[in-house]
Amino acid sequence: MGSSLRIVNGRVYDPANGLDGAVRDVCVRDGKIVADAPADAKRIDARGMVVMPGGVDIHCHIAGPKVNLARKVQPEDHRRDVHLRTRTTRSGTGGTVPSTFTTGYRYAGLGYTTAMEAAVTPLGARHTLEELHDTPIIDKGFFVLMGNNVLLYRLLQEGRREEFRHALAWWLHATKGYAPKLVNPGGDELWKGERNANITKLDQKIGPFDLTPRKVIAAFIEAANELGLPHPVHIHCNNLGHTGNYETTLETMRIAEGQRTHITHIQFHSYGAVAGKSGDNPTSKASEIVEFVNTHPNISADVGAVMFGRSTSMTADAPLAYMLRRFGGGKWVNADTEMESGCGIVPFTYQDRVYTNALQWAIGLELFLRSEDLWRMVFSTDHPNGGSFMSYPRLIRLLMDCEYRKQEMAKVNQQALDNSGLRDCLAREYSLYEIAIITRAGPARLLGLTEKGHLGVGADADITIYDEDDDKEKMFSTPRYVIKDGELIIEDHEFRADHEGRVLHVAPDYDQSIEQVIQPFFEDFYTIRFANYQVDDRYLHQHQTIPTTRQAVGVSNGG
Amino acid sequence: MGENLKIVTDATCTFCGCVCDDMVLTVDLDHNRIIKSENACILGKAWFKEHAIEERPFAIVKGREASTEEGVEEAAQILANARFPVIYGLSDTTCEAQRVAVAIGDMIGGTVDTTTSVCHGPSGIAFQGVGESTASLGEIKNRADMVVFWGGNPAEAHPRLFTRYAVTPKGMYIPNGKKDRTVVLVDVRRTLSTPVADIFLQVKPRSDFEVLWALRALVKGRKVDTSVEQRTGISLAVLEDLVARMKSCNYGALLFGMGLTMNRGRHFNSGALLALATDLNEFTHWVAKPVRGHGNVTGADNVVSWQTGFPFGVNFSRGYPRFNPGEFTTVDLLSRGDVDAALIIASDPASNFPKAAIEHLKRIPVINLDPKLTHTGQLARVAFTTSTYGINVAGTVYRMDDVPITLRPAFDSPYPSDEQILTAIRNRVRQLLGGNRPGAGTPLATTVS
Amino acid sequence: MPDKMMLIGGRSNKQGTSLCAGKLGAEYVQLSSTVEMNVNDMARLGLKNDSKVRLRSAGGEVVVRCKGREAKDLPPGLLFIAYGPLSSELMASDTAGSGMPISKNVEVEVEPVAEAAAS
């Protein structure tokens with residue numbers, strides 16, 4: 001930090017501040033965007049270039065216990081995609097689940113400066129923070145898996161809603177997490193406790209608990225809103241991947257009743273059935289899903305688009321991974337976490353000739369192309385589930401370039417296209433302004449990160465400068481400059497400096513006496529001591545506490 | 001006993017992979033020793049009792065007593081000048097130290113390998129081949145109504161695996177503890193662990209794979225010939241009974257030891273067991289777990305994996321990580337005489353490696369970090385005395401089930417930690433090399449300074 | 001002809017506790033240089049507890065003391081030794097491309113050593 005910069009002559013795309021390609025100076029001082037820079041500030045001439053805020057990934061899987069298992073299980077994926085060390089930066093390996101250093105450098109190499117790890121067990125929070133500490137350049141946070149938490153279930157079934165809310169806040173605090181995450185609520189208890197069964201209906205009883213997924217979802221939505229969390233509860237709905245699941249998705253969104261709720265990788269939850277035949281090939285229900293989101297401003301979603309090629313399915317939705325294993329027939333990892341979660345990992349390849357894969361690809365595009373409020377239907381591939389983050393530039397091109405899209409559509413399973421609505425939205429092409437919304441401004445706003453996703457005065461100086469190019473894939477693959485916290489990380493496409501990003505986390509208020517409820521439970525059932533469970537500040541290093549709406553402006557820490 | 005006592009609660013024992021975090025330590029601060037360790041098993045009690053501060057030189061360089069700084073300088077010179085060095089050990093230190101060790105390996109273009117390669121390395125290889133259904137130990141405590149121990153002797157190597165995690169404790173769905181579980185033990189001999197078992201299968205030596213494969217066949221409904229008994233020592237009827245129990249339990253756990261990995265068949269044995277657990281999930285819930293040895297060997301696997309993508313046996317000489325067991329594993333590197341220097345952290349290969357490997361260690365400059373004098377320390381050109389993790393040093397340790405735990409050290413040591421020494425070495429080597437050394441596979445044009 | 005047996009290296013409580021005291025300590029050295037043998041095998045070879053015996057493998061050879069175990073605990077033809085420098089001495093360095101030398105079920109030749117000649 002400390003240095004000053006003036007970026008001149010670039011066309012600035014800053015949707016949060018209404019800038020749609022206007023040529024403006026962008027000035028930086030001490031890591032922040034400022035109105036003016038000193039005369040001796042370093043100048044970057046961005047003539048013929050596009051200036052945007054750094055990208056913000058609202059949902060990806062990049063660090064923590066399940067990610068590391070997915071890394072370990074795929075040496076073949078690393079072998080063919082290596083990342084060389086330089087004099088100043090570390091080496092690593094890529095593939096769909098890159099090593100930590102490579103993850104940070106490659107995100108930065110695409111112009112991304114913030115990414116949220118989307119599923120961490122509380123017991124794995126410490127591990128996740130250790131990995132994030134080794135993930136350079138980008139700022140990062142993580143969502144905490146809570147939708148199958150046994151103690152929270154007990155509080156809920158006893159109707160102890162106040163204590164439930166305090167416990168939820170305590171858990172965010174104890175893990176240094178960013179938001180509560182629900183994954184297939186109720187599913188783990190059936191998976192682990194009832195011989196690998198699963199939840200299929202929102203009103204199904206959850207194993208031994210006097211609870212249903214509906215009750216669990218409602219309680220989390222309410223508590224997260226009461227706490228005023230910067231990002232609301234982040235929901236991976238029940239029945240992911242199942243034919244006909246769009247009804248579960250619509251029903252889940254209705255539970256919110258006007259309260260803020262985020263539905264993640266909604267593409268995987270937008271499947272219809274052919275005339276009531278649930279076991280058959282799925283169809284697209286993207287238009288129904290988008291229609292609901294368009295008309296319900298309390299709901300936001302990220303798409304979770306599918307891109308053809310190698311992926312790794314890694315999810316807390318253990319029954320889903322087991323189902324996918326039957327298609328692939330290869331390696332399968334399952335990992336149960338006491339009192340907290342399940343997890344499944346399956347290396348997977350999406351093929352354009354396969355009906356279901358082509359349909360998933362088409363639905364992802366359809367969701368983008370039908371969306372009317374881009375601020376609430378934002379960009380993701382659920383990396384690496386729908387595809388690696390390295391495929392983002394190609395996905396951007398598919399959205400921006402109608403001819404390219406047609407060309408790609410011609411290659412895929414045509415029957416799947418027939419059962420999607422993609423051919424109905426051929427005309428739409430995203431503009432750079434719109435891309436800036438779905439990849440930067442929108443995710444930042446949904447995350448409640450007021451200093452990110454825009455270039456207004458006071459924002460973090462996380463800036464990406466692209467050479468303008470008709471080939472949008474090429475353009476978004478290789479930014480000419482990437483600036484993180486005001487520091488020039490990439491200049492003329494090459495790394496100039498290493499940088500340690502910040503951990504973004506929340507610290508909501510809660511009644512401390514909740515620990516007296518939680519501790520006895522720990523002593524009975526956990527195999528780690530209560531005193532050793534909470535993650536202490538040493539694991540945060542560079543970090544920033546993002547305030548809730550009930551808290552005063554947060555304290556920014558240098559670590 | 002001194003008058004100045006301190007109690008440390010919820011401290012962690014790092015002797016074995018159980019990493020029990022419920023120790024209550026009484027520390028005699030006047031004499032810098034732990035005089036009582038409540039909740040520790042017999043091994044843990046010895047671990048805490050025997051790690052008092054000993055009067056030893058901070059470093060020994062070429063046979064002469066030296067300061068830590070002199071040791072760091074000599075070590076840095078060795079590493080900066082080595083063409084094909086190996087960094088080995090790392091299972092008995094913190095993740096914080098492990099991270100620095102891997103960083104050094106990357107910087108100098110060396111090889112990083114851990115004691116995993118001579119422990120559950122084959123299970124790591126099997127994992128890469130078939131995956132694994134696994135669980136945190138608390139799931140086994142709370143849910144497992146059938147537990148199978150294979151090729152291990154937990155009563156003597158991981159005593160509290162039985163009492164804290166997997167056999168006797170009461171759990172949420174196992175209200176009566178051991179009474180609610182069927183405990184099976186498979187081994188070639190009777191040990192102190194045998195009495196815990198409801199069913200003991202004494203298999204013939206070198207027949208684990210055959211027994212596992214027969215079980216897989218039976219699980220899948222295939223026919224197994226009665227000659228299996230002659231080959232393995234276990235009758236078909238016993239195997240069929242075992243499979244029937246395995247399919248009908250609610251939550252089963254297979255916990256396996258080095259009886260599989262250090263034996264003929266190695267990763268095939270581990271792979272067969274992991275595949276058996278996977279197969280059983282067609283019928284009911286099953287998990288499997290290698291029972292890991294040293295305190296933080298699981299942390300070493302995790303750190304090396306997240307930094308490189310591979311769990312052990314990682315070489316950086318081309319400028320990026322390459323994994324190849326048999327090529328980049330330490331026993332092979334040493335026995336073949338490949339490496340020209342070794343940095344050995346908290347491990348004693350000079351005592352537990354094959355003779356040919358030890359002979360090569362005697363030929364090359366060795367840098368050793370250890371709280372105690374060991375055979376490796378005796379032959380090292382630079383031997384540092386370090387403080388002991390968990391007793392003097394804070395940091396992070398991973399339990400055998402990948403659960404990370406923060407250490408609560410009991411008393412200060414005058415000796416530096418592994419992390420401090422490694423950090424000093426890294427900084428000095430960086431100075432000597434002017435940054436990371438370009439990899440052999442790195443064209444100059446792509447190096448950026 | 002010396003007897004052929006199968007040697008298992010492993011851990012034991014005492015090996016573990018003496019390890020903490022230090023690998024150069026007397027207890028560890030003594031423990032890791034004692035081999036457990038089936039009592040019937042011992043009788044057949046004319047060995048008693050504490051008798052010296054030479055073990056020879058493809059990797060090397062050592063002289064250790066023996067200790068009897070009942071047949072139900074340790075089958076005939078099987079030997080157990082706590083991990084230590086002597087068990088390592090018998091390990092061959094070939095890992096078959098796995099990184100792991102074989103240290104369980106190592107084939108060894110067993111030969112009694114006359115006390116006077118041994119030391």
# chains A, B, ... in the order shown; residues from 1 in each chain; ligands from 1

$ residues_around --residues "Val53 (chain C)" --least-positions-apart "2" --cutoff "12 Å" --atoms "only C-alpha atoms" --output "JSON, numbers by chain"
{"C": [2, 3, 33, 34, 35, 36, 37, 42, 45, 46, 47, 48, 49, 50, 51, 55, 56, 61, 62, 63, 64, 65, 66, 67, 79, 108, 109, 110, 111, 112, 113, 114, 115, 117, 118, 119]}

$ residues_around --residues "region 423-425 of chain B" --least-positions-apart "5" --cutoff "12 Å" --atoms "only C-alpha atoms" --output "ChimeraX atom specification"
/B:68-80,96-105,107-108,343,367,369,384,416-418,430-432

$ write_last_selection --atoms "N, CA and C atoms" --output "tab-separated table (two decimals), in the first residue's frame"
chain	number	residue	atom	x	y	z
B	68	THR	N	22.58	-21.06	17.50
B	68	THR	CA	21.54	-21.28	16.49
B	68	THR	C	21.89	-20.53	15.21
B	69	GLU	N	22.39	-19.30	15.37
B	69	GLU	CA	22.69	-18.47	14.20
B	69	GLU	C	23.78	-19.11	13.33
B	70	GLU	N	24.80	-19.63	13.99
B	70	GLU	CA	25.86	-20.30	13.23
B	70	GLU	C	25.29	-21.52	12.51
B	71	GLY	N	24.41	-22.22	13.19
B	71	GLY	CA	23.77	-23.38	12.56
B	71	GLY	C	22.96	-22.97	11.35
B	72	VAL	N	22.23	-21.85	11.48
B	72	VAL	CA	21.40	-21.37	10.37
B	72	VAL	C	22.27	-21.03	9.17
B	73	GLU	N	23.39	-20.36	9.43
B	73	GLU	CA	24.28	-19.97	8.33
B	73	GLU	C	24.81	-21.20	7.60
B	74	GLU	N	25.27	-22.18	8.36
B	74	GLU	CA	25.81	-23.39	7.74
B	74	GLU	C	24.71	-24.14	6.98
B	75	ALA	N	23.53	-24.22	7.59
B	75	ALA	CA	22.42	-24.93	6.94
B	75	ALA	C	22.04	-24.24	5.64
B	76	ALA	N	21.98	-22.90	5.67
B	76	ALA	CA	21.60	-22.15	4.48
B	76	ALA	C	22.62	-22.34	3.36
B	77	GLN	N	23.89	-22.38	3.74
B	77	GLN	CA	24.94	-22.60	2.74
B	77	GLN	C	24.78	-23.98	2.10
B	78	ILE	N	24.51	-24.96	2.94
B	78	ILE	CA	24.34	-26.32	2.41
B	78	ILE	C	23.19	-26.35	1.41
B	79	LEU	N	22.06	-25.76	1.81
B	79	LEU	CA	20.87	-25.85	0.95
B	79	LEU	C	21.01	-25.02	-0.32
B	80	ALA	N	21.64	-23.84	-0.17
B	80	ALA	CA	21.78	-22.98	-1.35
B	80	ALA	C	22.73	-23.59	-2.36
B	96	GLU	N	2.53	-24.84	11.04
B	96	GLU	CA	3.21	-23.59	10.76
B	96	GLU	C	4.64	-23.87	10.30
B	97	ALA	N	5.30	-24.82	10.96
B	97	ALA	CA	6.67	-25.19	10.55
B	97	ALA	C	6.64	-25.94	9.22
B	98	GLN	N	5.65	-26.80	9.04
B	98	GLN	CA	5.54	-27.56	7.79
B	98	GLN	C	5.40	-26.62	6.59
B	99	ARG	N	4.65	-25.55	6.77
B	99	ARG	CA	4.45	-24.61	5.66
B	99	ARG	C	5.77	-23.98	5.24
B	100	VAL	N	6.59	-23.64	6.24
B	100	VAL	CA	7.88	-23.03	5.90
B	100	VAL	C	8.77	-24.05	5.21
B	101	ALA	N	8.73	-25.29	5.67
B	101	ALA	CA	9.57	-26.33	5.08
B	101	ALA	C	9.23	-26.52	3.60
B	102	VAL	N	7.95	-26.54	3.28
B	102	VAL	CA	7.56	-26.70	1.87
B	102	VAL	C	8.01	-25.47	1.07
B	103	ALA	N	7.91	-24.31	1.69
B	103	ALA	CA	8.34	-23.08	1.02
B	103	ALA	C	9.83	-23.16	0.67
B	104	ILE	N	10.62	-23.72	1.59
B	104	ILE	CA	12.06	-23.87	1.31
B	104	ILE	C	12.25	-24.82	0.14
B	105	GLY	N	11.51	-25.93	0.16
B	105	GLY	CA	11.62	-26.91	-0.93
B	105	GLY	C	11.31	-26.28	-2.28
B	107	MET	N	11.50	-23.05	-3.01
B	107	MET	CA	12.48	-22.02	-3.33
B	107	MET	C	13.77	-22.61	-3.90
B	108	ILE	N	14.25	-23.71	-3.29
B	108	ILE	CA	15.53	-24.26	-3.74
B	108	ILE	C	15.37	-25.32	-4.83
B	343	LEU	N	17.64	-32.10	4.67
B	343	LEU	CA	17.15	-31.32	5.81
B	343	LEU	C	16.08	-32.18	6.46
B	367	ILE	N	21.19	-31.79	7.72
B	367	ILE	CA	20.76	-30.79	8.71
B	367	ILE	C	19.60	-31.42	9.47
B	369	LEU	N	16.76	-31.12	12.79
B	369	LEU	CA	16.08	-30.37	13.84
B	369	LEU	C	15.36	-31.38	14.73
B	384	PHE	N	20.30	-29.01	15.15
B	384	PHE	CA	19.71	-27.99	16.02
B	384	PHE	C	18.95	-28.66	17.15
B	416	PRO	N	14.78	-22.56	20.28
B	416	PRO	CA	13.82	-22.07	19.29
B	416	PRO	C	12.94	-23.21	18.75
B	417	SER	N	11.83	-22.82	18.14
B	417	SER	CA	10.93	-23.81	17.54
B	417	SER	C	11.43	-24.17	16.14
B	418	ASP	N	10.91	-25.27	15.61
B	418	ASP	CA	11.21	-25.65	14.23
B	418	ASP	C	10.86	-24.50	13.28
B	430	ARG	N	17.09	-17.43	0.80
B	430	ARG	CA	16.53	-16.49	-0.18
B	430	ARG	C	17.54	-15.40	-0.51
B	431	GLN	N	18.21	-14.93	0.54
B	431	GLN	CA	19.24	-13.91	0.36
B	431	GLN	C	20.37	-14.44	-0.53
B	432	LEU	N	20.78	-15.67	-0.25
B	432	LEU	CA	21.90	-16.26	-1.00
B	432	LEU	C	21.53	-16.49	-2.46

$ interface_residues --of "chain B" --to "chain C" --cutoff "6 Å" --atoms "only C-alpha atoms" --output "VMD selection string"
chain B and resid 43 46 to 47 50 117 to 118 156 to 157 189 to 190 262 to 263 325 to 326 329 351 to 355

$ write_last_selection --atoms "C-alpha atoms" --output "tab-separated table (two decimals), in the first residue's frame"
chain	number	residue	atom	x	y	z
B	43	LEU	CA	2.15	-43.16	25.90
B	46	ALA	CA	5.62	-40.70	28.97
B	47	TRP	CA	5.52	-38.01	26.29
B	50	GLU	CA	10.10	-37.03	29.29
B	117	SER	CA	5.89	-42.21	2.77
B	118	VAL	CA	6.93	-44.90	5.26
B	156	GLU	CA	-0.40	-50.24	22.28
B	157	ALA	CA	-0.01	-47.69	19.50
B	189	ARG	CA	-1.22	-62.33	15.94
B	190	ARG	CA	-2.87	-61.74	19.27
B	262	MET	CA	3.99	-52.09	5.40
B	263	ASN	CA	3.16	-55.50	4.12
B	325	PRO	CA	6.38	-42.30	-5.13
B	326	GLY	CA	9.38	-44.53	-5.63
B	329	THR	CA	10.22	-40.67	-1.73
B	351	SER	CA	17.39	-45.16	13.01
B	352	ASN	CA	14.39	-46.42	11.07
B	353	PHE	CA	15.39	-46.46	7.40
B	354	PRO	CA	16.95	-49.40	5.54
B	355	LYS	CA	20.70	-49.75	5.74

$ interface_residues --of "chain B" --to "chain A" --cutoff "6 Å" --atoms "only C-alpha atoms" --output "CSV table (one decimal) with N, CA and C atoms, in the first residue's frame"
chain,number,residue,atom,x,y,z
B,128,GLN,N,-5.8,-42.1,-3.9
B,128,GLN,CA,-5.8,-41.4,-5.2
B,128,GLN,C,-6.4,-42.3,-6.2
B,130,VAL,N,-8.9,-44.9,-5.6
B,130,VAL,CA,-10.3,-45.4,-5.4
B,130,VAL,C,-11.1,-44.4,-4.6
B,131,GLY,N,-10.5,-43.4,-4.0
B,131,GLY,CA,-11.3,-42.5,-3.1
B,131,GLY,C,-11.4,-43.1,-1.8
B,132,GLU,N,-12.4,-42.6,-1.0
B,132,GLU,CA,-12.5,-43.1,0.4
B,132,GLU,C,-13.8,-42.6,1.0
B,133,SER,N,-14.5,-43.4,1.6
B,133,SER,CA,-15.6,-43.0,2.4
B,133,SER,C,-15.1,-42.9,3.9
B,134,THR,N,-15.1,-41.7,4.4
B,134,THR,CA,-14.5,-41.5,5.7
B,134,THR,C,-15.4,-40.6,6.6
B,135,ALA,N,-14.9,-40.4,7.8
B,135,ALA,CA,-15.6,-39.6,8.8
B,135,ALA,C,-14.7,-39.1,9.9
B,136,SER,N,-15.2,-38.0,10.6
B,136,SER,CA,-14.5,-37.6,11.7
B,136,SER,C,-14.7,-38.6,12.8
B,138,GLY,N,-15.7,-38.4,15.7
B,138,GLY,CA,-17.0,-38.2,16.5
B,138,GLY,C,-18.1,-38.9,15.9
B,139,GLU,N,-18.1,-39.0,14.5
B,139,GLU,CA,-19.2,-39.8,13.9
B,139,GLU,C,-19.1,-41.3,14.3
B,284,THR,N,-25.6,-50.1,3.4
B,284,THR,CA,-25.7,-49.3,4.6
B,284,THR,C,-24.5,-48.3,4.7
B,285,HIS,N,-24.5,-47.5,5.7
B,285,HIS,CA,-23.4,-46.5,5.7
B,285,HIS,C,-22.1,-47.1,6.3
B,306,TRP,N,-2.2,-29.0,0.2
B,306,TRP,CA,-2.8,-27.7,-0.3
B,306,TRP,C,-1.7,-26.8,-1.0
B,307,GLN,N,-0.4,-27.0,-0.6
B,307,GLN,CA,0.6,-26.1,-1.3
B,307,GLN,C,1.0,-26.7,-2.6
B,308,THR,N,0.9,-28.0,-2.8
B,308,THR,CA,1.4,-28.6,-4.1
B,308,THR,C,0.4,-29.4,-4.9
B,309,GLY,N,-0.7,-29.8,-4.2
B,309,GLY,CA,-1.6,-30.7,-4.9
B,309,GLY,C,-1.3,-32.2,-4.6
B,310,PHE,N,-0.2,-32.5,-4.0
B,310,PHE,CA,0.2,-33.9,-3.8
B,310,PHE,C,0.5,-34.1,-2.3
B,319,GLY,N,10.7,-26.6,-11.3
B,319,GLY,CA,10.0,-25.3,-11.1
B,319,GLY,C,8.5,-25.4,-10.8
B,320,TYR,N,8.1,-26.7,-10.7
B,320,TYR,CA,6.7,-26.9,-10.3
B,320,TYR,C,6.6,-28.3,-9.6
B,435,GLY,N,16.2,-14.8,-4.3
B,435,GLY,CA,14.8,-15.2,-4.6
B,435,GLY,C,14.7,-16.6,-4.9
B,436,ASN,N,13.5,-17.0,-5.4
B,436,ASN,CA,13.4,-18.5,-5.7
B,436,ASN,C,14.3,-18.8,-6.8
B,447,THR,N,10.6,-16.4,-16.4
B,447,THR,CA,10.8,-16.0,-15.0
B,447,THR,C,10.7,-14.5,-14.8
B,448,VAL,N,10.1,-14.2,-13.8
B,448,VAL,CA,9.8,-12.8,-13.5
B,448,VAL,C,10.4,-12.4,-12.2
B,449,SER,N,11.2,-11.3,-12.2
B,449,SER,CA,11.8,-10.9,-10.9
B,449,SER,C,11.2,-9.6,-10.4

$ residues_around --residues "Leu379 (chain B)" --least-positions-apart "2" --cutoff "10 Å" --atoms "only C-alpha atoms" --output "count of residues only"
19

$ select_by_dssp --residues "region 98-264 of chain A" --states "helix (DSSP H, G or I)" --output "NGL selection string"
:A and (100-109 or 122-133 or 150-157 or 161-175 or 187-193 or 213-227 or 246-255)

$ write_last_selection --atoms "C-alpha atoms" --output "compact mmCIF listing (two decimals), in the first residue's frame"
# COMPACT_ATOMS: atom_id res chain seq x y z
CA THR A 100 -3.71 -22.71 -2.84
CA PHE A 101 -1.06 -20.42 -4.28
CA THR A 102 -2.09 -21.26 -7.81
CA THR A 103 -5.70 -20.53 -6.92
CA GLY A 104 -4.82 -17.03 -5.77
CA TYR A 105 -2.56 -16.24 -8.71
CA ARG A 106 -4.99 -17.59 -11.27
CA TYR A 107 -7.95 -15.69 -9.88
CA ALA A 108 -5.85 -12.56 -9.97
CA GLY A 109 -4.74 -13.49 -13.45
CA PRO A 122 -17.33 -25.33 11.62
CA LEU A 123 -14.89 -28.07 12.61
CA GLY A 124 -12.99 -27.34 9.38
CA ALA A 125 -12.92 -23.55 9.79
CA ARG A 126 -9.40 -23.50 11.19
CA HIS A 127 -8.15 -25.62 8.30
CA THR A 128 -9.91 -23.32 5.84
CA LEU A 129 -8.29 -20.24 7.32
CA GLU A 130 -4.87 -21.88 7.11
CA GLU A 131 -5.43 -22.54 3.41
CA LEU A 132 -6.80 -19.06 2.78
CA HIS A 133 -3.64 -17.70 4.39
CA VAL A 150 -27.52 -31.25 15.27
CA LEU A 151 -27.46 -28.78 18.16
CA LEU A 152 -29.23 -26.11 16.10
CA TYR A 153 -31.82 -28.76 15.19
CA ARG A 154 -32.35 -29.54 18.86
CA LEU A 155 -32.89 -25.88 19.69
CA LEU A 156 -35.31 -25.53 16.81
CA GLN A 157 -37.38 -28.59 17.58
CA ARG A 161 -35.85 -19.53 18.48
CA GLU A 162 -34.02 -16.84 20.46
CA GLU A 163 -31.32 -19.23 21.53
CA PHE A 164 -31.18 -20.61 18.01
CA ARG A 165 -30.40 -17.13 16.73
CA HIS A 166 -27.73 -16.56 19.37
CA ALA A 167 -26.22 -19.95 18.61
CA LEU A 168 -26.16 -19.16 14.90
CA ALA A 169 -24.37 -15.90 15.62
CA TRP A 170 -22.02 -17.65 18.02
CA TRP A 171 -21.10 -20.15 15.35
CA LEU A 172 -20.29 -17.44 12.82
CA HIS A 173 -18.22 -15.77 15.47
CA ALA A 174 -16.49 -18.98 16.56
CA THR A 175 -15.52 -19.91 13.00
CA GLY A 187 -30.30 -34.70 4.15
CA ASP A 188 -27.26 -35.53 6.23
CA GLU A 189 -29.18 -37.07 9.10
CA LEU A 190 -30.85 -39.51 6.70
CA TRP A 191 -27.62 -40.12 4.84
CA LYS A 192 -25.59 -40.91 7.94
CA GLY A 193 -28.29 -42.27 10.19
CA PRO A 213 -36.53 -28.87 5.87
CA ARG A 214 -39.22 -26.20 5.57
CA LYS A 215 -39.02 -25.38 9.28
CA VAL A 216 -35.23 -25.34 9.20
CA ILE A 217 -35.07 -23.07 6.16
CA ALA A 218 -37.63 -20.66 7.60
CA ALA A 219 -35.79 -20.39 10.89
CA PHE A 220 -32.45 -19.64 9.22
CA ILE A 221 -33.88 -17.02 6.89
CA GLU A 222 -35.55 -15.29 9.80
CA ALA A 223 -32.56 -15.42 12.13
CA ALA A 224 -30.08 -14.22 9.49
CA ASN A 225 -32.33 -11.26 8.70
CA GLU A 226 -32.79 -10.45 12.38
CA LEU A 227 -29.05 -10.43 12.85
CA TYR A 246 -37.73 -26.71 -9.79
CA GLU A 247 -40.84 -27.07 -7.67
CA THR A 248 -38.71 -27.58 -4.58
CA THR A 249 -36.74 -24.47 -5.57
CA LEU A 250 -39.86 -22.33 -6.04
CA GLU A 251 -41.27 -23.63 -2.77
CA THR A 252 -37.99 -22.84 -0.97
CA MET A 253 -38.05 -19.28 -2.31
CA ARG A 254 -41.63 -18.88 -1.15
CA ILE A 255 -40.61 -19.79 2.40

$ select_by_dssp --residues "chain C" --states "strand (DSSP E)" --output "PyMOL selection string"
chain C and resi 3-10+34-38+52-56+61-69+78-82+104-112

$ atom_distance --atom1 "CA of Lys201 (chain A)" --atom2 "CA of Gly244 (chain A)"
11.8 Å

$ atom_distance --atom1 "CA of Ile435 (chain A)" --atom2 "CA of Glu291 (chain A)"
20.6 Å
